[in-house]
Amino acid sequence: MDRRLYEASVRGEVPAFLDLIKEDEDLINQTTYQTSNSVLHIAAKFGNLDLATEIVKQQPEMVSAVNEKMETPLHEACREGHMVLMELLLATDPRVAYKLNLHNESVLFVACGRGQFNLVKLLLAHRSWLLLLEDDRPTTSLHVAASAGYFDIVKEILKTQPDLASRKDRHGCSPLHLACSKGHLDITRELLRLEPDLSSLQDKDGKTPLHSAASKGRVNILDEILSTSLDSAEMVTEQGETVLHLAVKNNQYEAVRYLVDNLNITNLLNMPDKDGNTVLHLASAGKLTAMVTFLVTKTNIDVNALNRKGFTALDVVEISGSSSGTLQLIPTLQEAGGKRCDQLPPGSPKIHRLTIQTNNPEASILVDERPPSPVQPSSRSTTSMAHRHNRRRHSSGRREKQRKLHMEGLTNVRNTIVVVAVLIATVTFAAGVSPPGGVHQDGPLIGKSAVGRKTAFKVFMVCNNIALFSSLGIVIVLVSVIPFRRKKMMKLVAATHKVMWVSVSFMAAAYIAASWVVTPSGKGTKWVRVAVLSIGGGCVMFIFVGLMIMLTKHWLRKLEWRRKREGRKKASPNSSISRVEDDLHYSRKKGSSYSSNSDMESSEKEGIHPF
């Protein structure tokens, strides 16, 4: 669009606009570069009524013109709240009210999103059919108004079409879900007054509006919903979470206090989710000191409830590692009678079977925790064994996490090697086609190297070519082979890493040789050549020696780790730990991707290991 025309449209200067049109009639049809806005779009956006009137008089068809977002000038007028301008456009072409933009949004939807109440009221009074355009849309004008907190607009829409109150968006959320989540009390009250059963609607995750309010700590919303209906108080999500679970999970202390103080929720306190966790398990896992203290001192919650992993709240705290939160929670739970699972009385009916997972999913150990018969070991040994198995399972989960981190590290190394190899190939290729010392510019040797007979240049060419083609080989191999097992990945990365060393070394040698070629010989320059050779060769050798020392230490650590493991197996060949290690050894022989990793386990304290 012509700059002068754009400026006149923004400022609403009718005389300047008319002068430009007189100079060139085609200017009125120009649009902006990126957004494809016409002059009428610009005038509608900035509320320039006089200019818009003149444009409509000149070309009435521009009222229905669309920009890149498929929006008409009416969309712009409704978004900015220019009522008189909106009436002008509708009077010119009433059909434009029913045009949708690229996101299938009507002018009513746009006005609701911006809170333009007067425009919404006018549109609904004369064109209530606009709401019918949203029948096939998951998100309605009521959704956007309820989410933004525009109470007057919500009331106006409900007067026209109250059925929209139960409509769900693509996430399964009703307008009440959105209002409760954002804390809009007046809108929540209006929707519940219209239909109290809206409080029981569930989204795709099974959450009710009460759950949404609890997750955000909206105490006033909780009070409003529960004073209207108690039916949603005991509803659970797809994950088996109650309103208390969600409040604790999101650390909404005031919401938990309100629910405990105002409701009889004894059954909710001890209700487990799909993982068997009560609200005390969740609060303990999150190190929520105030929440845990409140639950164990102000409620009659079962402090020693077991989840599906066989852990009490005290177990959850101890397993999560030491921290300031842990140091505060352990005495709090113990004072309330909290115990570890191995300290519970024998014959507890709360859990019957514990599954000890190994890195091989087919090799699981099942431990029966029924009350021991007279011929069985004592109750203390049984519960102690269960506790050991619990710790073993926790250790197995930790190893699995380490294995995933190790695989991610190998993938990152593989990607890094590809990038470095491409960089080496680029540098050496450029050096090969533009050799040091330059080329002959005339004569029979035109285009040939000017220093091609020097020994240093010959060294450069050999080293440069080795670096180039070895790096190209690395790239071809790494983009052609896709390993999906850790050991295969280790071997591939280790092999390409060694070739990378060769490529880098020869590139360094090529650089030293090139520097030797371009440095003039003589008394004053000998020390420069020696310095280049010393610095280049010294740096490479220093890094190589340092990495070799690290590798040697790693091999020694791995040998020591293997000796200790064999010693443990010989000392207690029938223990559960030995059986697990045998299963892992079997998995390793079968080529399972879940086999143990001696490199990783022997270097656990170091946090790194070299190739």
# chains A, B, ... in the order shown; residues from 1 in each chain; ligands from 1
>>> select_by_dssp(residues="stretch 12-43 of chain A", states="alpha helix (DSSP H)", output="ChimeraX atom specification")
/A:14-23,39-43
>>> closest_atom_pairs(of="stretch 41-80 of chain A", to="stretch 107-128 of chain A", cutoff="12 Å", atoms="only C-alpha atoms", output="Markdown table")
| residue | atom | partner | partner_atom | distance |
| --- | --- | --- | --- | --- |
| A:Met70 | CA | A:Val107 | CA | 11.8 |
| A:Glu71 | CA | A:Val107 | CA | 9.0 |
| A:Thr72 | CA | A:Val107 | CA | 9.0 |
| A:Pro73 | CA | A:Val107 | CA | 10.0 |
| A:Leu74 | CA | A:Val107 | CA | 7.0 |
| A:His75 | CA | A:Val107 | CA | 5.2 |
| A:Glu76 | CA | A:Val107 | CA | 8.6 |
| A:Ala77 | CA | A:Val107 | CA | 8.9 |
| A:Cys78 | CA | A:Ala111 | CA | 5.3 |
| A:Arg79 | CA | A:Ala111 | CA | 5.2 |
| A:Glu80 | CA | A:Arg114 | CA | 7.7 |
>>> residues_around(residues="A:Leu333", least_positions_apart="5", cutoff="8 Å", atoms="only C-alpha atoms", output="VMD selection string")
chain A and resid 296 303 313 to 314 338 to 339
>>> write_last_selection(atoms="C-alpha atoms", output="PDB file, in the first residue's frame")
ATOM      1  CA  VAL A 296      -1.967 -35.243  60.561  1.00  0.00           C
ATOM      2  CA  VAL A 303      -1.086 -41.954  58.588  1.00  0.00           C
ATOM      3  CA  ALA A 313       3.756 -41.621  53.709  1.00  0.00           C
ATOM      4  CA  LEU A 314       6.932 -41.989  55.804  1.00  0.00           C
ATOM      5  CA  GLY A 338       3.633 -42.716  61.094  1.00  0.00           C
ATOM      6  CA  LYS A 339       5.674 -45.853  60.407  1.00  0.00           C
TER       7      LYS A 339
END
>>> residues_around(residues="A:Asp186", least_positions_apart="2", cutoff="12 Å", atoms="only C-alpha atoms", output="PyMOL selection string")
chain A and resi 146+149-152+154-155+176+179-180+182-184+188-193+220-221+224-225
>>> write_last_selection(atoms="N, CA and C atoms", output="mmCIF file, in the first residue's frame")
data_model
loop_
_atom_site.group_PDB
_atom_site.id
_atom_site.type_symbol
_atom_site.label_atom_id
_atom_site.label_comp_id
_atom_site.auth_asym_id
_atom_site.auth_seq_id
_atom_site.Cartn_x
_atom_site.Cartn_y
_atom_site.Cartn_z
ATOM 1 N N ALA A 146 -17.100 -16.203 29.363
ATOM 2 C CA ALA A 146 -16.992 -16.733 30.729
ATOM 3 C C ALA A 146 -15.543 -16.815 31.174
ATOM 4 N N GLY A 149 -14.300 -13.317 31.954
ATOM 5 C CA GLY A 149 -14.953 -12.673 33.095
ATOM 6 C C GLY A 149 -15.895 -11.549 32.734
ATOM 7 N N TYR A 150 -16.468 -11.570 31.529
ATOM 8 C CA TYR A 150 -17.402 -10.523 31.106
ATOM 9 C C TYR A 150 -18.816 -10.934 31.519
ATOM 10 N N PHE A 151 -19.204 -10.539 32.723
ATOM 11 C CA PHE A 151 -20.462 -10.999 33.318
ATOM 12 C C PHE A 151 -21.676 -10.538 32.516
ATOM 13 N N ASP A 152 -21.717 -9.263 32.121
ATOM 14 C CA ASP A 152 -22.867 -8.737 31.393
ATOM 15 C C ASP A 152 -23.071 -9.465 30.067
ATOM 16 N N VAL A 154 -22.111 -12.545 29.410
ATOM 17 C CA VAL A 154 -22.583 -13.897 29.726
ATOM 18 C C VAL A 154 -24.093 -13.882 29.963
ATOM 19 N N LYS A 155 -24.584 -12.912 30.730
ATOM 20 C CA LYS A 155 -26.025 -12.821 31.004
ATOM 21 C C LYS A 155 -26.809 -12.598 29.706
ATOM 22 N N LEU A 176 -18.795 -23.154 32.693
ATOM 23 C CA LEU A 176 -18.650 -23.137 34.150
ATOM 24 C C LEU A 176 -17.251 -23.587 34.560
ATOM 25 N N ALA A 179 -15.063 -20.503 34.061
ATOM 26 C CA ALA A 179 -15.318 -19.459 35.053
ATOM 27 C C ALA A 179 -14.774 -19.845 36.420
ATOM 28 N N CYS A 180 -14.924 -21.126 36.790
ATOM 29 C CA CYS A 180 -14.418 -21.589 38.089
ATOM 30 C C CYS A 180 -12.899 -21.567 38.131
ATOM 31 N N LYS A 182 -10.907 -19.603 36.506
ATOM 32 C CA LYS A 182 -10.410 -18.229 36.532
ATOM 33 C C LYS A 182 -10.882 -17.456 37.760
ATOM 34 N N GLY A 183 -11.802 -18.036 38.542
ATOM 35 C CA GLY A 183 -12.243 -17.382 39.769
ATOM 36 C C GLY A 183 -13.300 -16.313 39.579
ATOM 37 N N HIS A 184 -14.137 -16.412 38.539
ATOM 38 C CA HIS A 184 -15.183 -15.428 38.282
ATOM 39 C C HIS A 184 -16.449 -15.846 39.041
ATOM 40 N N THR A 188 -20.015 -17.689 37.807
ATOM 41 C CA THR A 188 -20.294 -19.012 38.375
ATOM 42 C C THR A 188 -21.683 -19.047 39.000
ATOM 43 N N ARG A 189 -22.000 -18.025 39.753
ATOM 44 C CA ARG A 189 -23.306 -17.958 40.421
ATOM 45 C C ARG A 189 -24.444 -17.898 39.394
ATOM 46 N N GLU A 190 -24.246 -17.133 38.332
ATOM 47 C CA GLU A 190 -25.283 -17.009 37.298
ATOM 48 C C GLU A 190 -25.510 -18.330 36.577
ATOM 49 N N LEU A 191 -24.445 -19.043 36.258
ATOM 50 C CA LEU A 191 -24.583 -20.322 35.566
ATOM 51 C C LEU A 191 -25.245 -21.362 36.457
ATOM 52 N N LEU A 192 -24.871 -21.396 37.735
ATOM 53 C CA LEU A 192 -25.477 -22.354 38.656
ATOM 54 C C LEU A 192 -26.944 -22.009 38.932
ATOM 55 N N ARG A 193 -27.275 -20.739 38.931
ATOM 56 C CA ARG A 193 -28.678 -20.342 39.108
ATOM 57 C C ARG A 193 -29.519 -20.831 37.934
ATOM 58 N N ASN A 220 -13.712 -19.135 47.240
ATOM 59 C CA ASN A 220 -15.060 -18.571 47.093
ATOM 60 C C ASN A 220 -15.891 -19.357 46.090
ATOM 61 N N ILE A 221 -15.242 -19.888 45.055
ATOM 62 C CA ILE A 221 -15.954 -20.711 44.074
ATOM 63 C C ILE A 221 -16.353 -22.044 44.700
ATOM 64 N N GLU A 224 -19.392 -21.515 46.752
ATOM 65 C CA GLU A 224 -20.595 -21.306 45.945
ATOM 66 C C GLU A 224 -21.125 -22.622 45.380
ATOM 67 N N ILE A 225 -20.236 -23.455 44.843
ATOM 68 C CA ILE A 225 -20.678 -24.719 44.251
ATOM 69 C C ILE A 225 -21.236 -25.653 45.312
#
>>> closest_residue(among="A:Met291, A:Leu158, A:Met1, A:Ala431", to="A:Val248", atoms="only C-alpha atoms")
A:Met291
>>> atom_distance(atom1="atom CA of A:Thr519", atom2="atom CA of A:Lys458")
15.4 Å
>>> residues_around(residues="A:Glu238", least_positions_apart="2", cutoff="8 Å", atoms="only C-alpha atoms", output="PyMOL selection string")
chain A and resi 205-207+236+240-241
>>> residues_around(residues="A:Gly172", least_positions_apart="6", cutoff="12 Å", atoms="only C-alpha atoms", output="short mmCIF file (atom, residue, chain, number, x, y, z; two decimals) with C-alpha atoms, in the first residue's frame")
data_model
loop_
_atom_site.label_atom_id
_atom_site.label_comp_id
_atom_site.auth_asym_id
_atom_site.auth_seq_id
_atom_site.Cartn_x
_atom_site.Cartn_y
_atom_site.Cartn_z
CA PRO A 138 -16.54 -26.52 20.17
CA THR A 139 -15.66 -23.09 21.60
CA HIS A 143 -16.93 -19.90 26.56
CA SER A 166 -23.89 -27.01 28.82
CA LEU A 178 -13.61 -21.89 32.69
CA LEU A 201 -20.28 -31.92 34.15
CA GLN A 202 -16.88 -33.57 33.56
CA ASP A 203 -14.24 -32.65 31.01
CA LYS A 204 -12.10 -35.14 29.06
CA ASP A 205 -9.93 -35.79 32.14
CA GLY A 206 -12.99 -36.35 34.30
CA LYS A 207 -12.65 -33.03 36.13
CA THR A 208 -15.75 -31.17 37.31
CA PRO A 209 -15.93 -27.38 37.80
#
>>> closest_residue(among="A:Asn464, A:Thr496, A:Thr428, A:Ser38", to="A:Ile476", atoms="only C-alpha atoms")
A:Thr496
>>> atom_distance(atom1="atom CA of A:Ala65", atom2="atom CA of A:Tyr6")
17.0 Å
>>> residues_around(residues="A:Asn48", least_positions_apart="3", cutoff="9 Å", atoms="only C-alpha atoms", output="list of chain:residue names")
A:Ser9, A:Val10, A:Arg11, A:Gly12, A:Glu13, A:Ile42, A:Ala43, A:Ala44, A:Lys45, A:Leu51, A:Ala52, A:Thr53, A:Leu85
>>> write_last_selection(atoms="C-alpha atoms", output="PDB file, in the first residue's frame")
ATOM      1  CA  SER A   9      -6.298   6.030   6.448  1.00  0.00           C
ATOM      2  CA  VAL A  10      -4.811   5.815   9.941  1.00  0.00           C
ATOM      3  CA  ARG A  11      -5.410   9.512  10.686  1.00  0.00           C
ATOM      4  CA  GLY A  12      -8.811   9.600   8.974  1.00  0.00           C
ATOM      5  CA  GLU A  13      -7.901  12.512   6.698  1.00  0.00           C
ATOM      6  CA  ILE A  42      -7.672   0.438   8.544  1.00  0.00           C
ATOM      7  CA  ALA A  43     -10.416   3.042   8.880  1.00  0.00           C
ATOM      8  CA  ALA A  44     -12.625   0.542  10.784  1.00  0.00           C
ATOM      9  CA  LYS A  45      -9.814  -0.402  13.124  1.00  0.00           C
ATOM     10  CA  LEU A  51     -13.310   8.242   6.019  1.00  0.00           C
ATOM     11  CA  ALA A  52     -15.175   4.925   6.178  1.00  0.00           C
ATOM     12  CA  THR A  53     -18.315   6.679   4.948  1.00  0.00           C
ATOM     13  CA  LEU A  85     -19.064   2.377  12.276  1.00  0.00           C
TER      14      LEU A  85
END
>>> closest_residue(among="A:Glu195, A:Asp50, A:Glu68, A:Asp2", to="A:Leu164", atoms="only C-alpha atoms")
A:Glu195
>>> closest_residue(among="A:His177, A:His281, A:Arg485, A:Lys274", to="A:Ser215", atoms="only C-alpha atoms")
A:His177
